[in-house]
Structures are given as structure tokens and as C-alpha cells.
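Participant: Next comes the structure file query27.cif, holding mmCIF, C-alpha atoms.
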```cif
data_model
loop_
_atom_site.label_atom_id
_atom_site.label_comp_id
_atom_site.auth_asym_id
_atom_site.auth_seq_id
_atom_site.Cartn_x
_atom_site.Cartn_y
_atom_site.Cartn_z
CA MET H 241 119.98 197.57 34.42
CA ARG H 242 119.84 196.75 38.13
CA SER H 243 118.40 193.44 39.20
CA PRO H 244 115.17 193.88 41.20
CA PHE H 245 116.28 190.99 43.40
CA ARG H 246 119.47 192.80 44.43
CA HIS H 247 117.39 195.86 45.39
CA ARG H 248 115.05 193.74 47.55
CA GLU H 249 117.96 191.99 49.29
CA LEU H 250 119.58 195.32 50.10
CA ALA H 251 116.29 196.79 51.40
CA ALA H 252 115.61 193.69 53.52
CA GLY H 253 119.11 193.89 55.00
CA ILE H 254 118.67 197.56 55.92
CA VAL H 255 115.27 196.93 57.51
CA ALA H 256 116.62 193.94 59.46
CA GLY H 257 119.59 195.96 60.66
CA LEU H 258 117.41 198.87 61.79
CA LEU H 259 115.00 196.52 63.54
CA LEU H 260 117.83 194.73 65.34
CA ALA H 261 119.36 198.03 66.43
CA ALA H 262 116.00 199.34 67.66
CA LEU H 263 115.18 196.19 69.59
CA SER H 264 118.58 195.82 71.22
CA GLY H 265 118.59 199.47 72.28
CA ALA H 266 115.03 199.40 73.60
CA GLY H 267 115.61 196.62 76.14
CA PHE H 268 113.31 194.10 74.49
CA HIS H 269 115.57 191.19 75.36
CA ARG H 270 115.57 190.49 79.06
CA PRO H 271 116.57 187.01 80.11
CA GLN H 272 113.94 185.34 82.30
CA PRO H 273 114.61 182.44 84.63
CA ALA H 274 113.30 179.20 83.18
CA GLY H 275 112.68 175.99 84.98
CA GLY H 276 109.98 173.79 86.30
CA PHE H 277 108.69 171.80 89.21
CA SER H 278 106.18 169.08 90.01
CA PHE H 279 104.62 167.45 93.03
CA ASN H 280 101.80 165.11 94.06
CA LEU H 281 99.45 165.30 97.02
CA ASP H 282 97.49 162.26 98.16
CA THR H 283 94.54 162.01 100.53
CA THR H 284 91.52 159.85 101.17
CA VAL H 285 88.12 161.41 101.79
CA PRO H 286 84.67 160.01 102.57
CA GLY H 287 82.35 159.83 99.58
CA THR H 288 82.14 158.22 96.18
CA PRO H 289 84.47 159.33 93.40
CA GLU H 290 81.49 161.00 91.66
CA GLU H 291 80.52 162.88 94.82
CA ILE H 292 84.12 164.06 95.36
CA PHE H 293 84.48 165.02 91.69
CA ASP H 294 81.32 167.13 92.00
CA ALA H 295 82.73 168.86 95.10
CA LEU H 296 86.01 169.60 93.26
CA THR H 297 84.08 171.19 90.38
CA GLY H 298 81.03 173.40 89.93
CA ASN H 299 80.73 175.87 92.80
CA ILE H 300 84.04 175.61 94.70
CA GLY H 301 83.58 178.77 96.78
CA GLY H 302 82.93 176.69 99.91
CA TRP H 303 86.52 175.49 100.12
CA TRP H 304 88.70 177.47 97.66
CA ASP H 305 89.76 180.65 99.44
CA HIS H 306 92.42 182.29 97.24
CA THR H 307 90.74 184.80 94.94
CA VAL H 308 91.54 187.98 93.05
CA SER H 309 88.58 189.89 94.43
CA GLU H 310 87.86 190.05 98.15
CA SER H 311 84.42 188.53 97.78
CA PRO H 312 83.73 187.12 94.33
CA LEU H 313 80.16 186.69 93.19
CA ARG H 314 80.93 183.17 91.98
CA LEU H 315 83.92 180.81 91.90
CA TYR H 316 83.48 177.70 89.79
CA ILE H 317 85.02 175.10 87.51
CA GLU H 318 83.12 173.88 84.45
CA PRO H 319 83.92 170.12 84.37
CA LYS H 320 84.13 169.63 80.62
CA PRO H 321 86.90 169.92 78.01
CA GLY H 322 87.21 173.60 77.13
CA GLY H 323 85.43 174.62 80.33
CA GLY H 324 86.94 177.25 82.54
CA PHE H 325 87.98 177.82 86.11
CA PHE H 326 86.25 181.17 86.62
CA GLU H 327 86.05 183.84 89.27
CA ARG H 328 83.19 186.24 88.56
CA PHE H 329 83.46 189.56 90.36
CA ASP H 330 79.96 190.90 89.72
CA GLU H 331 76.72 190.58 87.76
CA SER H 332 78.19 192.43 84.75
CA GLY H 333 80.50 189.48 84.07
CA ASP H 334 83.79 191.07 85.12
CA GLY H 335 86.24 188.52 86.43
CA VAL H 336 89.13 186.18 85.76
CA ARG H 337 89.58 182.86 84.01
CA HIS H 338 92.23 181.14 86.13
CA ALA H 339 92.54 178.01 83.97
CA VAL H 340 91.04 175.96 81.13
CA VAL H 341 89.82 172.40 81.58
CA THR H 342 91.60 170.06 79.15
CA ALA H 343 90.22 166.71 80.33
CA ALA H 344 87.24 165.64 82.39
CA SER H 345 85.78 162.27 83.27
CA ARG H 346 83.31 162.49 86.16
CA GLY H 347 84.46 160.40 89.10
CA GLU H 348 87.85 159.69 87.56
CA LEU H 349 89.86 162.67 86.34
CA LEU H 350 89.89 166.42 85.95
CA ARG H 351 92.81 168.26 84.33
CA PHE H 352 93.12 172.01 83.89
CA GLU H 353 95.89 174.26 82.62
CA GLY H 354 96.53 177.75 83.87
CA PRO H 355 98.77 179.83 86.09
CA LEU H 356 96.10 180.33 88.79
CA GLY H 357 97.57 182.99 91.12
CA LEU H 358 100.67 183.47 88.99
CA ALA H 359 98.84 184.99 86.00
CA GLY H 360 100.86 187.41 83.94
CA ASN H 361 103.98 185.24 83.95
CA ALA H 362 105.23 183.03 81.13
CA LEU H 363 104.30 179.91 83.06
CA LEU H 364 102.35 176.81 82.12
CA MET H 365 100.91 174.85 85.05
CA VAL H 366 98.97 171.64 84.58
CA HIS H 367 96.81 170.52 87.53
CA THR H 368 95.33 167.02 87.62
CA TYR H 369 92.83 165.47 90.03
CA GLU H 370 92.72 161.67 89.90
CA LEU H 371 90.02 159.85 91.87
CA LYS H 372 89.88 156.16 92.74
CA PRO H 373 87.37 154.34 94.93
CA VAL H 374 88.66 152.96 98.22
CA GLY H 375 86.58 150.21 99.79
CA THR H 376 82.96 151.24 100.04
CA GLY H 377 82.26 154.91 100.38
CA SER H 378 85.70 156.57 100.26
CA THR H 379 87.82 158.07 97.51
CA HIS H 380 91.56 158.36 97.10
CA LEU H 381 92.38 161.77 95.61
CA THR H 382 95.73 162.48 93.98
CA VAL H 383 96.48 166.07 93.01
CA THR H 384 99.40 166.41 90.59
CA VAL H 385 100.86 169.77 89.64
CA ARG H 386 103.46 170.24 86.91
CA ALA H 387 104.88 173.62 85.96
CA THR H 388 107.31 174.84 83.36
CA GLY H 389 108.43 178.22 82.11
CA GLU H 390 109.32 181.41 83.95
CA VAL H 391 109.86 180.07 87.46
CA GLN H 392 111.14 182.40 90.16
CA GLU H 393 113.06 181.20 93.20
CA GLY H 394 110.71 179.97 95.90
CA TRP H 395 107.68 179.46 93.64
CA ALA H 396 107.81 175.66 93.79
CA GLU H 397 107.61 175.66 97.59
CA ALA H 398 104.96 178.38 97.64
CA VAL H 399 102.72 176.63 95.10
CA GLU H 400 103.03 173.29 96.88
CA GLY H 401 102.25 174.98 100.21
CA VAL H 402 99.13 176.60 98.78
CA TRP H 403 97.94 173.27 97.38
CA HIS H 404 98.48 171.62 100.79
CA HIS H 405 96.36 174.43 102.24
CA PHE H 406 93.60 173.89 99.66
CA ILE H 407 93.43 170.12 100.03
CA ASP H 408 94.47 169.39 103.64
CA GLU H 409 93.12 172.48 105.40
CA ARG H 410 90.12 173.39 103.25
CA PHE H 411 88.84 170.59 101.01
CA VAL H 412 89.17 167.61 103.38
CA PRO H 413 87.38 169.38 106.29
CA TYR H 414 84.75 170.66 103.81
CA ILE H 415 84.01 167.08 102.72
CA GLU H 416 84.22 165.60 106.22
CA SER H 417 81.72 168.18 107.52
CA GLY H 418 79.23 167.33 104.75
CA ARG H 419 78.98 171.00 103.65
CA HIS H 420 79.51 169.95 100.03
CA ARG H 421 76.04 168.40 100.06
CA ASP H 422 74.52 171.82 100.86
CA ALA H 423 76.52 173.77 98.26
CA GLY H 424 73.47 174.39 96.07
CA ARG H 425 74.77 172.73 92.93
#
```
Could you show the structure in this file as C-alpha cells?
Facilitator:
Amino acid sequence: MRSPFRHRELAAGIVAGLLLAALSGAGFHRPQPAGGFSFNLDTTVPGTPEEIFDALTGNIGGWWDHTVSESPLRLYIEPKPGGGFFERFDESGDGVRHAVVTAASRGELLRFEGPLGLAGNALLMVHTYELKPVGTGSTHLTVTVRATGEVQEGWAEAVEGVWHHFIDERFVPYIESGRHRDAGR
């Protein structure tokens, strides 16, 4: 009498061999570049840490200008753990979730994880806003970005350049002009 265990081992070996042959012939294994990068940006803006936190979250369409759609209906960050960084295209709810908020403490810290404009790649990016009061009426903002995973050549410089654009060219002038107070929160 044949052992049922021997039959199972033989069948498992055949299945594994066929699966391996199918996968190797179908091009399922393609090496991807792996790596990482990180950087910090620092600036000081007028306003309390709570006021600056509020301008960095909620409706950010007044200063964030990189979107999937040409004119999104709404662009916002929900400042709570599990909240999202959303771009809504239309009233039906179509859109994109760019990131997920993993930590939030109003006036102190906001952290979100997501690939932002690099969606569709095996990439984890963690973005952190840290806010600290400076004297009376100003806030020191540190933006830290850390990325790991599928990193193509030139991405580190491109991502850092985009963040300089967001903070130095868009957010700081937005705050200095006082437009954040009229954002209709």
C-alpha cells in the first residue's frame, strides 16, 4: 500500500515545479531599484503654532498646487489619526487619497504616510510637520520627509525640490499675505 504522505509530497513538488516554471517564464520577477532618501526643510512664519497647523491642514487648496486633476473640487487633509490627504475631483466623490495621517497633535505635529505624486510605485514616504513657537506670534516649521522602497534616479532631488516649492514659494507667502484667515475653514 502506498503512503498517502508520499503521494502528497510528490503532488506538492510537481505543483511547485510547474508554478516556478510558469512564473520564471512569464517575467514576474523584475528587479526594481531600492533605496531611500530623507531631508528636512526649516522656516519661520508669522502666526501661532495652532494657526499654522490649521493652515497646513483642512482646506489646503490655497497653497498646495500639485494635483491629479486640473481643478479639483476640494483638496484637504483631515488632521486626525487615520484621516486622509484627499483630492476630490467632483461631487460624486471621485478622487485620490494621497496619504494617511498617522499622528496629529494640533499646534505641534502632523505626520502622514503616502507616495503623494509617486502613487503606483512601491514607495513608502513619511512626511512630518513639526511646529514650535518662536517668541510671541511666530512659529518655526520643520518639514521632514523620509522615503524608502522603489526609488528611481533623480527622485530624491525632485521630491526635495517640490517640497521647497510648496513651503518656500507657496505656503510662506500664503501665510504672510494672511490669505489663510479667509480660507473658509
Participant: What gap, in Å, lies between CA of Gly275 in chain H and CA of Glu390 in chain H?
Facilitator: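 If I compute the distance from CA of Gly275 in chain H to CA of Glu390 in chain H, I get 6.5 Å.
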Participant: From the set H:Glu400, H:Glu291, H:Asp330, H:Asp408, which residue has the shortest atom-to-atom contact distance to Leu315 in chain H, counting all atoms listed in the file?
Facilitator: H:Asp330
Participant: Evaluated on this file, the PyMOL selection byres ((chain H and resi 351) around 12) picks out some residues - which ones are they, written as a PyMOL selection string?
Facilitator: chain H and resi 293+296-297+317-325+339-346+348-350+352-354+365-371+382-386
Participant: Give me the residues near Arg328 in chain H as a PyMOL selection string, where near means some atom within 12 Å (using all atoms listed in the file) and where sequence neighbours in that chain fewer than 6 positions away do not count.
Facilitator: chain H and resi 299+301+307-317+334-338
Participant: Residues of the last selection are to be written out with C-alpha atoms, as a PDB file, in the coordinates of the input.
Facilitator:
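And here is the file that came out, out-v8.pdb:
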```pdb
ATOM      1  CA  ASN H 299      80.730 175.870  92.800  1.00  0.00           C
ATOM      2  CA  GLY H 301      83.580 178.770  96.780  1.00  0.00           C
ATOM      3  CA  THR H 307      90.740 184.800  94.940  1.00  0.00           C
ATOM      4  CA  VAL H 308      91.540 187.980  93.050  1.00  0.00           C
ATOM      5  CA  SER H 309      88.580 189.890  94.430  1.00  0.00           C
ATOM      6  CA  GLU H 310      87.860 190.050  98.150  1.00  0.00           C
ATOM      7  CA  SER H 311      84.420 188.530  97.780  1.00  0.00           C
ATOM      8  CA  PRO H 312      83.730 187.120  94.330  1.00  0.00           C
ATOM      9  CA  LEU H 313      80.160 186.690  93.190  1.00  0.00           C
ATOM     10  CA  ARG H 314      80.930 183.170  91.980  1.00  0.00           C
ATOM     11  CA  LEU H 315      83.920 180.810  91.900  1.00  0.00           C
ATOM     12  CA  TYR H 316      83.480 177.700  89.790  1.00  0.00           C
ATOM     13  CA  ILE H 317      85.020 175.100  87.510  1.00  0.00           C
ATOM     14  CA  ASP H 334      83.790 191.070  85.120  1.00  0.00           C
ATOM     15  CA  GLY H 335      86.240 188.520  86.430  1.00  0.00           C
ATOM     16  CA  VAL H 336      89.130 186.180  85.760  1.00  0.00           C
ATOM     17  CA  ARG H 337      89.580 182.860  84.010  1.00  0.00           C
ATOM     18  CA  HIS H 338      92.230 181.140  86.130  1.00  0.00           C
TER      19      HIS H 338
END
```
Participant: I need the residue nearest Ala398 in chain H from this list: H:Pro289, H:Pro373, H:Gly333, H:Gly357. Use only C-alpha atoms for the distance.
Facilitator: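 Closest to Ala398 in chain H of all the choices is H:Gly357.
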Participant: Excluding Gly276 in chain H and its own-chain neighbours fewer than 4 positions away, which residues fall within 12 Å of it when counting only C-alpha atoms? Please give them as a short mmCIF file (atom, residue, chain, number, x, y, z; two decimals) with C-alpha atoms, in the coordinates of the input.
Facilitator:
```
data_model
loop_
_atom_site.label_atom_id
_atom_site.label_comp_id
_atom_site.auth_asym_id
_atom_site.auth_seq_id
_atom_site.Cartn_x
_atom_site.Cartn_y
_atom_site.Cartn_z
CA ALA H 362 105.23 183.03 81.13
CA LEU H 363 104.30 179.91 83.06
CA LEU H 364 102.35 176.81 82.12
CA MET H 365 100.91 174.85 85.05
CA VAL H 366 98.97 171.64 84.58
CA VAL H 385 100.86 169.77 89.64
CA ARG H 386 103.46 170.24 86.91
CA ALA H 387 104.88 173.62 85.96
CA THR H 388 107.31 174.84 83.36
CA GLY H 389 108.43 178.22 82.11
CA GLU H 390 109.32 181.41 83.95
CA VAL H 391 109.86 180.07 87.46
CA GLN H 392 111.14 182.40 90.16
CA GLU H 393 113.06 181.20 93.20
CA GLY H 394 110.71 179.97 95.90
CA TRP H 395 107.68 179.46 93.64
CA ALA H 396 107.81 175.66 93.79
CA GLU H 397 107.61 175.66 97.59
CA VAL H 399 102.72 176.63 95.10
#
```
Participant: Considering only C-alpha atoms, return as a list of chain:residue names whatever protein or nucleic-acid residues lie within 7 Å of range 302-304 of chain H, sequence-local ones (same chain, fewer than 5 positions apart) excluded.
Facilitator: H:Phe406, H:Arg410, H:Phe411, H:Tyr414
Participant: Using the chain letters and numbers from this file, what does the PyMOL selection byres ((chain H and resi 284) around 6) select? Give the answer as number ranges by chain.
Facilitator: H: 283, 285, 379-381
